[in-house]
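Note: the block below is structure27.txt and it holds compact mmCIF, C-alpha atoms.
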```
# COMPACT_ATOMS: atom_id res chain seq x y z
CA MET A 4 19.61 25.19 -93.26
CA ASN A 5 16.62 23.10 -94.37
CA ASN A 6 18.14 20.13 -92.56
CA LEU A 7 17.96 22.16 -89.34
CA LYS A 8 14.49 23.65 -89.88
CA ARG A 9 12.71 20.38 -90.46
CA PRO A 10 13.76 18.69 -87.18
CA LEU A 11 13.18 21.96 -85.32
CA ILE A 12 9.61 22.13 -86.60
CA LEU A 13 8.88 18.48 -85.85
CA ILE A 14 10.58 18.27 -82.46
CA VAL A 15 10.05 21.75 -81.05
CA ILE A 16 7.59 23.96 -82.93
CA LEU A 17 4.81 21.44 -83.60
CA PRO A 18 4.76 19.97 -80.02
CA PHE A 19 4.90 23.54 -78.69
CA ILE A 20 1.83 24.53 -80.69
CA ILE A 21 -0.09 21.41 -79.62
CA PHE A 22 0.83 21.90 -75.96
CA SER A 23 -0.09 25.60 -76.13
CA LEU A 24 -3.50 24.81 -77.64
CA TYR A 25 -4.10 22.25 -74.91
CA GLN A 26 -3.14 24.66 -72.16
CA ILE A 27 -5.22 27.53 -73.55
CA LEU A 28 -8.29 25.71 -74.86
CA LEU A 29 -8.60 22.25 -73.33
CA ALA A 30 -6.94 22.12 -69.90
CA SER A 31 -9.58 22.21 -67.16
CA PRO A 32 -9.14 25.04 -64.65
CA ARG A 33 -8.27 24.05 -61.09
CA TYR A 34 -9.16 26.12 -58.04
CA GLU A 35 -7.01 26.10 -54.92
CA SER A 36 -8.28 26.44 -51.36
CA GLN A 37 -5.76 27.02 -48.61
CA VAL A 38 -5.82 26.65 -44.83
CA LYS A 39 -3.20 27.29 -42.16
CA LEU A 40 -2.95 25.16 -39.03
CA ILE A 41 -0.76 24.72 -35.99
CA VAL A 42 -0.63 21.95 -33.37
CA LYS A 43 -0.88 23.26 -29.81
CA GLU A 44 -0.83 21.66 -26.37
CA PRO A 45 -1.88 23.00 -22.95
CA ASN A 46 0.65 25.28 -21.34
CA SER A 47 0.05 23.93 -17.85
CA ALA A 48 3.62 23.76 -16.57
CA ALA A 49 3.07 27.02 -14.70
CA THR A 50 0.19 25.49 -12.70
CA LEU A 51 2.16 22.44 -11.57
CA ASP A 52 4.67 21.86 -8.84
CA PRO A 53 8.12 22.39 -10.45
CA THR A 54 9.25 18.85 -9.56
CA MET A 55 6.13 17.31 -11.07
CA ALA A 56 6.45 19.48 -14.16
CA LEU A 57 10.04 18.33 -14.64
CA MET A 58 9.16 14.65 -14.06
CA SER A 59 6.25 14.76 -16.50
CA GLY A 60 8.29 16.32 -19.27
CA PHE A 61 6.74 19.78 -19.49
CA GLY A 62 8.89 22.28 -21.27
CA VAL A 63 10.12 19.71 -23.82
CA SER A 64 8.89 20.79 -27.22
CA THR A 65 7.30 18.14 -29.42
CA GLY A 66 5.82 20.56 -31.96
CA SER A 67 8.00 19.37 -34.85
CA VAL A 68 7.03 15.73 -34.33
CA ASP A 69 3.33 16.55 -34.06
CA THR A 70 3.45 18.69 -37.19
CA GLU A 71 5.16 15.93 -39.16
CA LEU A 72 2.59 13.43 -37.91
CA VAL A 73 -0.23 15.63 -39.20
CA GLU A 74 1.51 16.00 -42.55
CA ALA A 75 2.04 12.24 -42.85
CA PHE A 76 -1.61 11.57 -41.99
CA ILE A 77 -2.86 14.07 -44.58
CA PHE A 78 -1.00 12.16 -47.31
CA SER A 79 -2.03 8.73 -45.99
CA MET A 80 -4.39 6.16 -47.47
CA ASP A 81 -6.61 6.56 -44.39
CA MET A 82 -7.23 10.20 -45.29
CA LEU A 83 -7.99 9.27 -48.89
CA LEU A 84 -10.48 6.58 -47.87
CA TYR A 85 -12.14 9.00 -45.47
CA LEU A 86 -12.52 11.61 -48.23
CA GLU A 87 -13.70 8.93 -50.63
CA GLY A 88 -16.49 7.93 -48.30
CA ASN A 89 -17.55 11.42 -47.22
CA ILE A 90 -17.21 13.74 -50.21
CA GLY A 91 -16.80 11.36 -53.15
CA PHE A 92 -13.21 12.20 -54.04
CA SER A 93 -13.06 9.92 -57.09
CA ASN A 94 -16.47 10.99 -58.40
CA HIS A 95 -15.37 14.60 -58.62
CA PHE A 96 -11.91 14.11 -60.08
CA SER A 97 -12.92 11.39 -62.58
CA ASP A 98 -15.88 13.30 -64.02
CA SER A 99 -15.78 13.20 -67.85
CA GLU A 100 -16.65 16.90 -67.89
CA TYR A 101 -12.98 17.66 -67.30
CA ASP A 102 -10.12 17.09 -69.73
CA PHE A 103 -8.65 13.65 -70.14
CA PHE A 104 -5.12 14.48 -69.00
CA SER A 105 -6.22 16.30 -65.84
CA ARG A 106 -8.87 13.97 -64.49
CA LEU A 107 -8.51 10.73 -62.58
CA LYS A 108 -8.92 7.55 -64.59
CA ASP A 109 -12.25 5.79 -64.05
CA GLU A 110 -10.82 2.42 -63.06
CA ALA A 111 -7.83 3.72 -61.10
CA SER A 112 -6.51 1.53 -58.29
CA ASN A 113 -6.23 2.77 -54.73
CA GLU A 114 -2.51 3.31 -55.22
CA ALA A 115 -3.16 5.41 -58.35
CA LYS A 116 -5.82 7.39 -56.49
CA LEU A 117 -3.40 8.05 -53.65
CA SER A 118 -0.75 9.26 -56.10
CA TYR A 119 -3.31 11.53 -57.79
CA PHE A 120 -4.48 12.76 -54.38
CA ASN A 121 -0.92 13.64 -53.37
CA ASP A 122 -0.54 15.63 -56.61
CA ARG A 123 -3.62 17.69 -55.73
CA VAL A 124 -2.64 18.43 -52.12
CA THR A 125 0.41 20.40 -50.99
CA VAL A 126 1.59 20.81 -47.40
CA GLU A 127 4.24 23.33 -46.41
CA ILE A 128 5.72 23.56 -42.90
CA ASP A 129 7.31 26.67 -41.49
CA GLU A 130 10.40 25.38 -39.66
CA VAL A 131 10.37 28.30 -37.22
CA SER A 132 6.69 28.65 -36.29
CA GLN A 133 5.65 25.05 -37.14
CA ILE A 134 2.63 26.37 -39.05
CA LEU A 135 1.20 23.99 -41.63
CA SER A 136 -0.05 25.55 -44.83
CA VAL A 137 -2.30 23.14 -46.71
CA TYR A 138 -3.17 23.85 -50.36
CA VAL A 139 -5.93 21.80 -51.98
CA GLN A 140 -6.83 21.77 -55.68
CA ALA A 141 -10.16 20.85 -57.23
CA PHE A 142 -12.08 21.52 -60.44
CA THR A 143 -14.65 23.75 -58.74
CA PRO A 144 -14.30 26.42 -56.02
CA GLU A 145 -17.00 24.81 -53.88
CA PHE A 146 -15.42 21.37 -53.93
CA SER A 147 -11.95 22.71 -53.17
CA HIS A 148 -13.37 24.53 -50.12
CA ARG A 149 -15.20 21.42 -48.96
CA PHE A 150 -12.15 19.31 -49.72
CA SER A 151 -9.87 21.39 -47.47
CA SER A 152 -12.50 21.61 -44.70
CA MET A 153 -12.78 17.83 -44.55
CA ILE A 154 -9.00 17.47 -44.37
CA VAL A 155 -8.87 19.90 -41.44
CA GLY A 156 -11.65 18.10 -39.59
CA ARG A 157 -10.09 14.69 -40.03
CA ALA A 158 -6.61 15.93 -39.10
CA GLU A 159 -8.03 17.43 -35.91
CA TRP A 160 -9.66 14.09 -35.05
CA PHE A 161 -6.35 12.32 -35.71
CA ILE A 162 -4.16 14.55 -33.53
CA ASN A 163 -6.63 14.23 -30.68
CA GLU A 164 -7.02 10.47 -31.08
CA ILE A 165 -3.33 9.57 -30.97
CA GLY A 166 -2.82 11.56 -27.78
CA HIS A 167 -6.06 10.72 -25.99
CA GLY A 168 -6.09 7.01 -26.83
CA LEU A 169 -2.64 6.27 -25.43
CA ALA A 170 -3.14 8.53 -22.41
CA LYS A 171 -6.51 6.98 -21.54
CA GLU A 172 -5.20 3.42 -21.72
CA GLN A 173 -2.15 4.28 -19.63
CA LEU A 174 -4.24 6.15 -17.06
CA LYS A 175 -6.80 3.35 -16.93
CA PHE A 176 -4.10 0.75 -16.20
CA VAL A 177 -2.52 2.87 -13.45
CA GLN A 178 -5.94 3.54 -11.89
CA GLN A 179 -6.70 -0.18 -11.79
CA GLU A 180 -3.37 -0.91 -10.12
CA HIS A 181 -3.97 1.93 -7.66
CA GLU A 182 -7.38 0.51 -6.75
CA LEU A 183 -5.82 -2.89 -6.00
CA VAL A 184 -3.20 -1.28 -3.74
CA GLU A 185 -5.90 0.75 -2.01
CA GLN A 186 -8.05 -2.33 -1.41
CA LYS A 187 -5.05 -4.17 0.04
CA LEU A 188 -4.36 -1.25 2.40
CA LYS A 189 -7.98 -1.20 3.56
CA SER A 190 -7.90 -4.95 4.13
CA ILE A 191 -4.75 -4.76 6.27
CA LYS A 192 -6.23 -1.89 8.29
CA SER A 193 -9.40 -3.92 8.89
CA GLU A 194 -7.38 -6.93 10.06
CA LEU A 195 -5.38 -4.74 12.44
CA LEU A 196 -8.53 -3.15 13.90
CA ALA A 197 -10.18 -6.56 14.30
CA PHE A 198 -7.08 -7.84 16.11
CA GLN A 199 -7.13 -4.87 18.49
CA ARG A 200 -10.86 -5.25 19.17
CA ARG A 201 -10.48 -9.00 19.83
CA PHE A 202 -7.95 -8.42 22.58
CA ASP A 203 -9.43 -5.10 23.68
CA LEU A 204 -6.11 -3.34 23.17
CA LEU A 205 -5.24 0.01 21.75
CA ASP A 206 -1.52 -0.74 21.77
CA PRO A 207 -0.13 -4.15 22.80
CA GLN A 208 3.30 -2.64 23.22
CA ALA A 209 1.98 -0.19 25.80
CA GLU A 210 0.13 -3.07 27.50
CA GLY A 211 3.32 -5.12 27.67
CA THR A 212 5.24 -2.16 29.11
CA ALA A 213 2.55 -1.70 31.78
CA LEU A 214 2.77 -5.38 32.76
CA GLN A 215 6.53 -5.15 33.03
CA GLN A 216 6.22 -2.10 35.27
CA ILE A 217 3.78 -4.00 37.51
CA ALA A 218 6.25 -6.89 37.73
CA TYR A 219 9.09 -4.52 38.60
CA GLN A 220 6.98 -2.86 41.32
CA LEU A 221 6.07 -6.28 42.77
CA GLU A 222 9.73 -7.28 42.83
CA GLY A 223 10.52 -4.10 44.76
CA GLN A 224 7.70 -4.74 47.24
CA ILE A 225 8.83 -8.37 47.66
CA ALA A 226 12.35 -7.23 48.44
CA GLU A 227 11.01 -4.83 51.05
CA LYS A 228 8.74 -7.51 52.56
CA ARG A 229 11.65 -9.98 52.81
CA THR A 230 13.71 -7.36 54.63
CA GLU A 231 10.81 -6.72 56.96
CA LEU A 232 10.39 -10.47 57.57
CA ARG A 233 14.08 -10.88 58.49
CA ILE A 234 13.84 -8.03 60.97
CA LEU A 235 10.75 -9.57 62.57
CA GLU A 236 12.32 -13.04 62.70
CA SER A 237 15.42 -11.61 64.39
CA SER A 238 13.34 -10.23 67.24
CA MET A 239 10.36 -12.61 67.43
CA SER A 240 9.66 -16.29 67.31
CA SER A 241 8.52 -17.94 64.10
CA GLY A 242 5.04 -18.42 65.55
CA ALA A 243 4.45 -14.76 66.31
CA PRO A 244 1.37 -13.31 64.56
CA LEU A 245 3.40 -10.52 62.89
CA VAL A 246 5.86 -13.05 61.47
CA ILE A 247 3.07 -15.29 60.21
CA ASN A 248 1.31 -12.30 58.55
CA ALA A 249 4.53 -11.14 56.91
CA LYS A 250 5.19 -14.63 55.52
CA SER A 251 1.62 -14.80 54.19
CA GLU A 252 1.91 -11.40 52.49
CA LEU A 253 5.26 -12.41 50.99
CA GLU A 254 3.80 -15.62 49.57
CA SER A 255 0.88 -13.65 48.09
CA MET A 256 3.27 -11.21 46.46
CA LEU A 257 5.40 -14.04 45.04
CA GLN A 258 2.28 -15.69 43.62
CA GLN A 259 1.13 -12.43 42.06
CA LEU A 260 4.59 -11.86 40.55
CA GLU A 261 4.54 -15.35 39.07
CA ASN A 262 1.13 -14.68 37.57
CA GLU A 263 2.23 -11.39 36.04
CA ARG A 264 5.33 -12.99 34.56
CA GLY A 265 3.16 -15.78 33.23
CA ARG A 266 0.98 -13.26 31.39
CA LEU A 267 4.13 -11.96 29.67
CA THR A 268 5.82 -15.23 28.78
CA ASP A 269 3.38 -18.15 28.93
CA GLN A 270 2.80 -19.89 25.60
CA SER A 271 -0.63 -21.09 24.53
CA SER A 272 -1.01 -24.82 24.01
CA ASN A 273 -3.70 -24.22 21.31
CA GLU A 274 -2.48 -23.69 17.72
CA ASP A 275 -5.50 -21.58 16.76
CA VAL A 276 -4.61 -18.88 19.26
CA LEU A 277 -6.53 -16.15 17.48
CA ARG A 278 -9.70 -18.14 17.62
CA THR A 279 -9.44 -19.20 21.28
CA GLU A 280 -7.93 -15.86 22.36
CA GLN A 281 -5.34 -17.56 24.60
CA LEU A 282 -2.33 -15.58 23.39
CA SER A 283 0.28 -14.41 25.86
CA VAL A 284 1.24 -10.75 25.86
CA SER A 285 4.52 -11.53 24.07
CA GLU A 286 2.61 -13.41 21.37
CA VAL A 287 0.13 -10.56 21.03
CA MET A 288 2.96 -8.08 20.70
CA ALA A 289 4.69 -10.26 18.06
CA LYS A 290 1.54 -10.59 15.97
CA PHE A 291 0.73 -6.91 16.40
CA SER A 292 4.24 -6.10 15.14
CA ASP A 293 3.59 -8.25 12.07
CA TYR A 294 0.39 -6.36 11.37
CA GLN A 295 2.21 -3.05 11.77
CA ILE A 296 4.95 -4.10 9.33
CA ASN A 297 2.32 -5.16 6.77
CA LEU A 298 0.53 -1.85 7.27
CA GLU A 299 3.72 0.15 6.74
CA LEU A 300 4.54 -1.78 3.56
CA ALA A 301 0.98 -1.24 2.31
CA LEU A 302 1.24 2.49 3.08
CA GLN A 303 4.51 2.73 1.15
CA ALA A 304 2.96 0.91 -1.81
CA TYR A 305 -0.07 3.19 -1.64
CA THR A 306 2.12 6.31 -1.59
CA SER A 307 4.10 5.11 -4.60
CA SER A 308 0.90 4.24 -6.42
CA GLN A 309 -0.51 7.67 -5.64
CA VAL A 310 2.57 9.34 -7.14
CA SER A 311 2.36 7.13 -10.24
CA LEU A 312 -1.32 7.97 -10.64
CA GLU A 313 -0.62 11.68 -10.39
CA LYS A 314 2.20 11.44 -12.93
CA SER A 315 -0.07 9.50 -15.29
CA ARG A 316 -2.81 12.09 -14.90
CA ILE A 317 -0.34 14.87 -15.71
CA GLU A 318 1.00 12.88 -18.67
CA ALA A 319 -2.53 12.40 -19.96
CA TYR A 320 -3.16 16.13 -19.68
CA ARG A 321 0.16 16.89 -21.36
CA GLN A 322 -0.80 14.75 -24.34
CA LEU A 323 -3.95 16.73 -24.97
CA LYS A 324 -3.11 18.33 -28.30
CA TYR A 325 -5.38 20.15 -30.67
CA LEU A 326 -5.28 21.88 -34.02
CA VAL A 327 -5.64 25.63 -34.11
CA VAL A 328 -6.96 26.96 -37.40
CA ILE A 329 -5.02 30.12 -38.10
CA GLU A 330 -6.62 30.67 -41.49
CA SER A 331 -9.93 28.99 -42.30
CA PRO A 332 -10.34 27.13 -45.59
CA THR A 333 -10.71 29.72 -48.32
CA LEU A 334 -13.29 29.72 -51.10
CA PRO A 335 -11.31 30.59 -54.25
CA GLN A 336 -12.78 32.84 -56.93
CA ASP A 337 -10.13 32.56 -59.63
CA ALA A 338 -8.56 29.44 -61.08
CA LYS A 339 -4.91 29.18 -60.09
CA TYR A 340 -4.08 26.22 -62.32
CA PRO A 341 -3.02 25.56 -64.97
CA GLU A 342 -0.49 28.39 -65.07
CA VAL A 343 -0.73 28.76 -68.83
CA PHE A 344 2.07 31.25 -69.52
CA TYR A 345 4.48 29.54 -67.12
CA ASN A 346 3.75 26.05 -68.48
CA ILE A 347 4.06 27.15 -72.12
CA SER A 348 7.29 29.04 -71.47
CA LEU A 349 8.77 26.14 -69.53
CA PHE A 350 7.77 23.67 -72.26
CA LEU A 351 9.44 25.83 -74.93
CA VAL A 352 12.66 26.25 -72.93
CA VAL A 353 12.90 22.54 -72.16
CA SER A 354 12.15 21.58 -75.77
CA LEU A 355 14.85 23.91 -77.09
CA LEU A 356 17.35 22.61 -74.55
CA LEU A 357 16.62 19.01 -75.45
CA PHE A 358 16.79 19.84 -79.15
CA GLY A 359 20.12 21.62 -78.70
CA ILE A 360 21.56 18.74 -76.64
CA GLY A 361 20.38 16.29 -79.28
CA LYS A 362 22.04 18.29 -82.07
CA ILE A 363 25.29 18.47 -80.15
CA ILE A 364 25.26 14.71 -79.58
CA LEU A 365 24.55 14.01 -83.26
CA ALA A 366 27.23 16.46 -84.40
CA THR A 367 29.76 14.82 -82.06
CA VAL A 368 28.91 11.36 -83.38
CA GLU A 369 29.26 12.49 -86.99
CA GLU A 370 32.58 14.15 -86.25
CA LEU A 371 33.91 11.04 -84.59
CA ARG A 372 33.06 9.02 -87.66
```
Would you give me this structure, written as structure tokens?
Amino acid sequence: MNNLKRPLILIVILPFIIFSLYQILLASPRYESQVKLIVKEPNSAATLDPTMALMSGFGVSTGSVDTELVEAFIFSMDMLLYLEGNIGFSNHFSDSEYDFFSRLKDEASNEAKLSYFNDRVTVEIDEVSQILSVYVQAFTPEFSHRFSSMIVGRAEWFINEIGHGLAKEQLKFVQQEHELVEQKLKSIKSELLAFQRRFDLLDPQAEGTALQQIAYQLEGQIAEKRTELRILESSMSSGAPLVINAKSELESMLQQLENERGRLTDQSSNEDVLRTEQLSVSEVMAKFSDYQINLELALQAYTSSQVSLEKSRIEAYRQLKYLVVIESPTLPQDAKYPEVFYNISLFLVVSLLLFGIGKIILATVEELR
């Protein structure tokens, strides 16, 4: 029996007494401030055209991803460095006023500080509502409240920054491309207007049609005049005044028809036809058609760019996310940690279990011998 009591006292009872005295007398109290948050985004799908809303991705929930991003940022080194610079994280938790085992070591590395920080902050996520519950521990109620408030403020900055930064850069790029397309469209319009003013034409195609109609009318008149001339020649001599007048009118009509056809088909001998303004109607129509094709292509590019710009604007608006504080950081009045009774009871149970396992192992070894 004495062989059992002595190890029990040394391995279980004595450590239990020391641990209990530490928990009751020496362990520094820790106060916990809590805050509840949720990531929200504008519900603007109802205000958009259904096609645009579908194209931009409205209605697709990204709450889980955003919530996990906030959680990851809270436990990041960036958050720790921000708290270090703004509220003196290490100064508070390494103060010699608090017990040796609870406080942060004076010369702790950044990695050790981050590990200590993660032990003092707890984040719980409700899988259904996506509400983040953040619990922050500190040695004083005031610091724990300030600690949690700074975390909320920095997390809000983070969730806004990741959405706004990407959206702004994307929108800026699309706007620049849209401005280039718009300038090109304006330039083509100006060239087309200058071309029309140079030749004093509203529509070269209509002008060409009018010239063709004139030529057709002249051909009809020439045919009639030739018939008239034959009739006169059949009844009069070639020197009769009526015959001579008919021949003269016919020659004038033929000359005018040749001139009109020349306006439609004659080619300019000068290469710089735009500068000398010696283009034929067919050449004018060909160049005007080129300008029209360029204008149509520019209009199509402008329309596509306008759609892309609108989609980018909607995407930028969709990425506007913000943190909603459901429960503001609390100012605790009672110390929540250490949980003295729970810690002492757990220590005793674990010690007895380890002691029992050790005795069983030793008994088994002795029996095998």
Seminar exercise, completed: Students should find that CA of Arg201 (chain A) and CA of Glu299 (chain A) are spaced 21.4 Å
For this session: Just the residues within 9 Å of region 334-340 of chain A, please, counting only C-alpha atoms, with nothing from its chain fewer than 6 positions along; format it as a ChimeraX atom specification.
Result: /A:31-37,140,142-145,147-149
Exercise. What is the distance, in Å and to one decimal place, between CA of Ile41 (chain A) and CA of Ser67 (chain A)?
Worked result: 10.3 Å
Exercise. Which neighbours of region 243-259 of chain A fall inside 10 Å, counting all atoms listed in the file, when residues of the same chain fewer than 2 positions from it are skipped, and could you give them as a PyMOL selection string?
Worked result: chain A and resi 217-218+221-222+224-229+231-236+238-241+261-265
Based on the selection just made, write C-alpha atoms of those residues as a PDB file, in the coordinates of the input.
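Contents of the output file result.pdb:
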```pdb
ATOM      1  CA  ILE A 217       3.780  -4.000  37.510  1.00  0.00           C
ATOM      2  CA  ALA A 218       6.250  -6.890  37.730  1.00  0.00           C
ATOM      3  CA  LEU A 221       6.070  -6.280  42.770  1.00  0.00           C
ATOM      4  CA  GLU A 222       9.730  -7.280  42.830  1.00  0.00           C
ATOM      5  CA  GLN A 224       7.700  -4.740  47.240  1.00  0.00           C
ATOM      6  CA  ILE A 225       8.830  -8.370  47.660  1.00  0.00           C
ATOM      7  CA  ALA A 226      12.350  -7.230  48.440  1.00  0.00           C
ATOM      8  CA  GLU A 227      11.010  -4.830  51.050  1.00  0.00           C
ATOM      9  CA  LYS A 228       8.740  -7.510  52.560  1.00  0.00           C
ATOM     10  CA  ARG A 229      11.650  -9.980  52.810  1.00  0.00           C
ATOM     11  CA  GLU A 231      10.810  -6.720  56.960  1.00  0.00           C
ATOM     12  CA  LEU A 232      10.390 -10.470  57.570  1.00  0.00           C
ATOM     13  CA  ARG A 233      14.080 -10.880  58.490  1.00  0.00           C
ATOM     14  CA  ILE A 234      13.840  -8.030  60.970  1.00  0.00           C
ATOM     15  CA  LEU A 235      10.750  -9.570  62.570  1.00  0.00           C
ATOM     16  CA  GLU A 236      12.320 -13.040  62.700  1.00  0.00           C
ATOM     17  CA  SER A 238      13.340 -10.230  67.240  1.00  0.00           C
ATOM     18  CA  MET A 239      10.360 -12.610  67.430  1.00  0.00           C
ATOM     19  CA  SER A 240       9.660 -16.290  67.310  1.00  0.00           C
ATOM     20  CA  SER A 241       8.520 -17.940  64.100  1.00  0.00           C
ATOM     21  CA  GLU A 261       4.540 -15.350  39.070  1.00  0.00           C
ATOM     22  CA  ASN A 262       1.130 -14.680  37.570  1.00  0.00           C
ATOM     23  CA  GLU A 263       2.230 -11.390  36.040  1.00  0.00           C
ATOM     24  CA  ARG A 264       5.330 -12.990  34.560  1.00  0.00           C
ATOM     25  CA  GLY A 265       3.160 -15.780  33.230  1.00  0.00           C
TER      26      GLY A 265
END
```
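Our summary of the geometry notes that CA of Ala304 (chain A) is positioned 8.9 Å from CA of Glu185 (chain A).
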Problem set entry | Spatial neighbours of Tyr325 (chain A), 12 Å, all atoms listed in the file, chain gap at least 6 places, as a ChimeraX atom specification | /A:40-45,66,69-70,73,155-167
Exercise. Any idea what's packed within 9 Å of region 354-358 of chain A, counting only C-alpha atoms, ignoring anything in its chain fewer than 2 positions away? Could you give it as JSON, numbers by chain?
Worked result: {"A": [10, 11, 14, 15, 16, 18, 19, 349, 350, 351, 352, 360, 361, 362, 363]}
Just write the chosen residues, C-alpha atoms, as a tab-separated table (two decimals), in the frame of the given file.
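Contents of part-v9.tsv, freshly written:
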```tsv
chain	number	residue	atom	x	y	z
A	10	PRO	CA	13.76	18.69	-87.18
A	11	LEU	CA	13.18	21.96	-85.32
A	14	ILE	CA	10.58	18.27	-82.46
A	15	VAL	CA	10.05	21.75	-81.05
A	16	ILE	CA	7.59	23.96	-82.93
A	18	PRO	CA	4.76	19.97	-80.02
A	19	PHE	CA	4.90	23.54	-78.69
A	349	LEU	CA	8.77	26.14	-69.53
A	350	PHE	CA	7.77	23.67	-72.26
A	351	LEU	CA	9.44	25.83	-74.93
A	352	VAL	CA	12.66	26.25	-72.93
A	360	ILE	CA	21.56	18.74	-76.64
A	361	GLY	CA	20.38	16.29	-79.28
A	362	LYS	CA	22.04	18.29	-82.07
A	363	ILE	CA	25.29	18.47	-80.15
```
For this session: May I ask which of the residues A:Val177, A:Ala30, A:Ile329, A:Leu84 is the closest one to Leu312 (chain A), counting all atoms listed in the file?
Result: A:Val177
For this session: Select, from A:Leu107, A:His181, A:Val68, A:Phe22, the residue with the minimum atom-to-atom distance to Ile128 (chain A), counting all atoms listed in the file.
Result: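 Between A:Leu107, A:His181, A:Val68, A:Phe22, the residue approaching Ile128 (chain A) most closely is A:Val68.
When all atoms listed in the file are used to measure the gap to Ile296 (chain A), the shortest distance among A:Ile21, A:Leu365, A:Leu188, A:Leu326 belongs to A:Leu188.
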Find the axis-aligned box for region 115-121 of chain A, covering all its listed atoms and adding 5 Å on each side, and write its centre and edge lengths in Å to one decimal as AutoDock Vina command-line options.
```
--center_x -3.3 --center_y 9.5 --center_z -55.9 --size_x 15.1 --size_y 18.2 --size_z 15.0
```
Exercise. So which one's closest to Gln178 (chain A), A:Val38, A:Ile90, A:Ile20, A:Val310? Using all atoms listed in the file, please.
Worked result: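 That would be A:Val310, the residue with the smallest distance to Gln178 (chain A).
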For this session: Can you pull out every residue within 12 Å of Phe103 (chain A), counting all atoms listed in the file, but drop anything in the same chain fewer than 5 positions away, and send it as a list of chain:residue names?
Result: A:Tyr25, A:Leu29, A:Ala30, A:Ser31, A:Phe96, A:Ser97, A:Asp98, A:Lys108, A:Asp109
For this session: Between A:Leu24, A:Val327, A:Ile154, A:Ala111, single out the one closest to Thr125 (chain A), counting all atoms listed in the file.
Result: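 Ranked by minimum distance to Thr125 (chain A), first place goes to A:Ile154.
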Exercise. Nearest to Leu183 (chain A) among A:Ser308, A:Glu313, A:Tyr345, A:Gly88, with distances taken over all atoms listed in the file: which residue is it?
Worked result: A:Ser308
N, CA and C atoms are needed for region 301-314 of chain A; please write them out as a PDB file, keeping the file's coordinate frame.
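To be explicit, this is the file written out as part_8.pdb:
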```pdb
ATOM      1  N   ALA A 301       2.147  -1.609   3.103  1.00  0.00           N
ATOM      2  CA  ALA A 301       0.980  -1.240   2.310  1.00  0.00           C
ATOM      3  C   ALA A 301       0.892   0.273   2.129  1.00  0.00           C
ATOM      4  N   LEU A 302       1.253   1.018   3.174  1.00  0.00           N
ATOM      5  CA  LEU A 302       1.240   2.490   3.080  1.00  0.00           C
ATOM      6  C   LEU A 302       2.290   2.976   2.085  1.00  0.00           C
ATOM      7  N   GLN A 303       3.472   2.356   2.107  1.00  0.00           N
ATOM      8  CA  GLN A 303       4.510   2.730   1.150  1.00  0.00           C
ATOM      9  C   GLN A 303       4.069   2.432  -0.284  1.00  0.00           C
ATOM     10  N   ALA A 304       3.463   1.257  -0.475  1.00  0.00           N
ATOM     11  CA  ALA A 304       2.960   0.910  -1.810  1.00  0.00           C
ATOM     12  C   ALA A 304       1.866   1.876  -2.247  1.00  0.00           C
ATOM     13  N   TYR A 305       1.013   2.264  -1.311  1.00  0.00           N
ATOM     14  CA  TYR A 305      -0.070   3.190  -1.640  1.00  0.00           C
ATOM     15  C   TYR A 305       0.481   4.569  -2.011  1.00  0.00           C
ATOM     16  N   THR A 306       1.506   5.015  -1.273  1.00  0.00           N
ATOM     17  CA  THR A 306       2.120   6.310  -1.590  1.00  0.00           C
ATOM     18  C   THR A 306       2.756   6.300  -2.972  1.00  0.00           C
ATOM     19  N   SER A 307       3.489   5.217  -3.274  1.00  0.00           N
ATOM     20  CA  SER A 307       4.100   5.110  -4.600  1.00  0.00           C
ATOM     21  C   SER A 307       3.046   5.059  -5.693  1.00  0.00           C
ATOM     22  N   SER A 308       1.983   4.321  -5.442  1.00  0.00           N
ATOM     23  CA  SER A 308       0.900   4.240  -6.420  1.00  0.00           C
ATOM     24  C   SER A 308       0.230   5.585  -6.624  1.00  0.00           C
ATOM     25  N   GLN A 309       0.093   6.349  -5.542  1.00  0.00           N
ATOM     26  CA  GLN A 309      -0.510   7.670  -5.640  1.00  0.00           C
ATOM     27  C   GLN A 309       0.344   8.601  -6.498  1.00  0.00           C
ATOM     28  N   VAL A 310       1.663   8.522  -6.331  1.00  0.00           N
ATOM     29  CA  VAL A 310       2.570   9.340  -7.140  1.00  0.00           C
ATOM     30  C   VAL A 310       2.489   8.931  -8.617  1.00  0.00           C
ATOM     31  N   SER A 311       2.470   7.613  -8.868  1.00  0.00           N
ATOM     32  CA  SER A 311       2.360   7.130 -10.240  1.00  0.00           C
ATOM     33  C   SER A 311       1.052   7.573 -10.878  1.00  0.00           C
ATOM     34  N   LEU A 312      -0.022   7.532 -10.119  1.00  0.00           N
ATOM     35  CA  LEU A 312      -1.320   7.970 -10.640  1.00  0.00           C
ATOM     36  C   LEU A 312      -1.302   9.450 -10.983  1.00  0.00           C
ATOM     37  N   GLU A 313      -0.688  10.240 -10.121  1.00  0.00           N
ATOM     38  CA  GLU A 313      -0.620  11.680 -10.390  1.00  0.00           C
ATOM     39  C   GLU A 313       0.233  11.966 -11.614  1.00  0.00           C
ATOM     40  N   LYS A 314       1.355  11.258 -11.745  1.00  0.00           N
ATOM     41  CA  LYS A 314       2.200  11.440 -12.930  1.00  0.00           C
ATOM     42  C   LYS A 314       1.460  11.026 -14.199  1.00  0.00           C
TER      43      LYS A 314
END
```
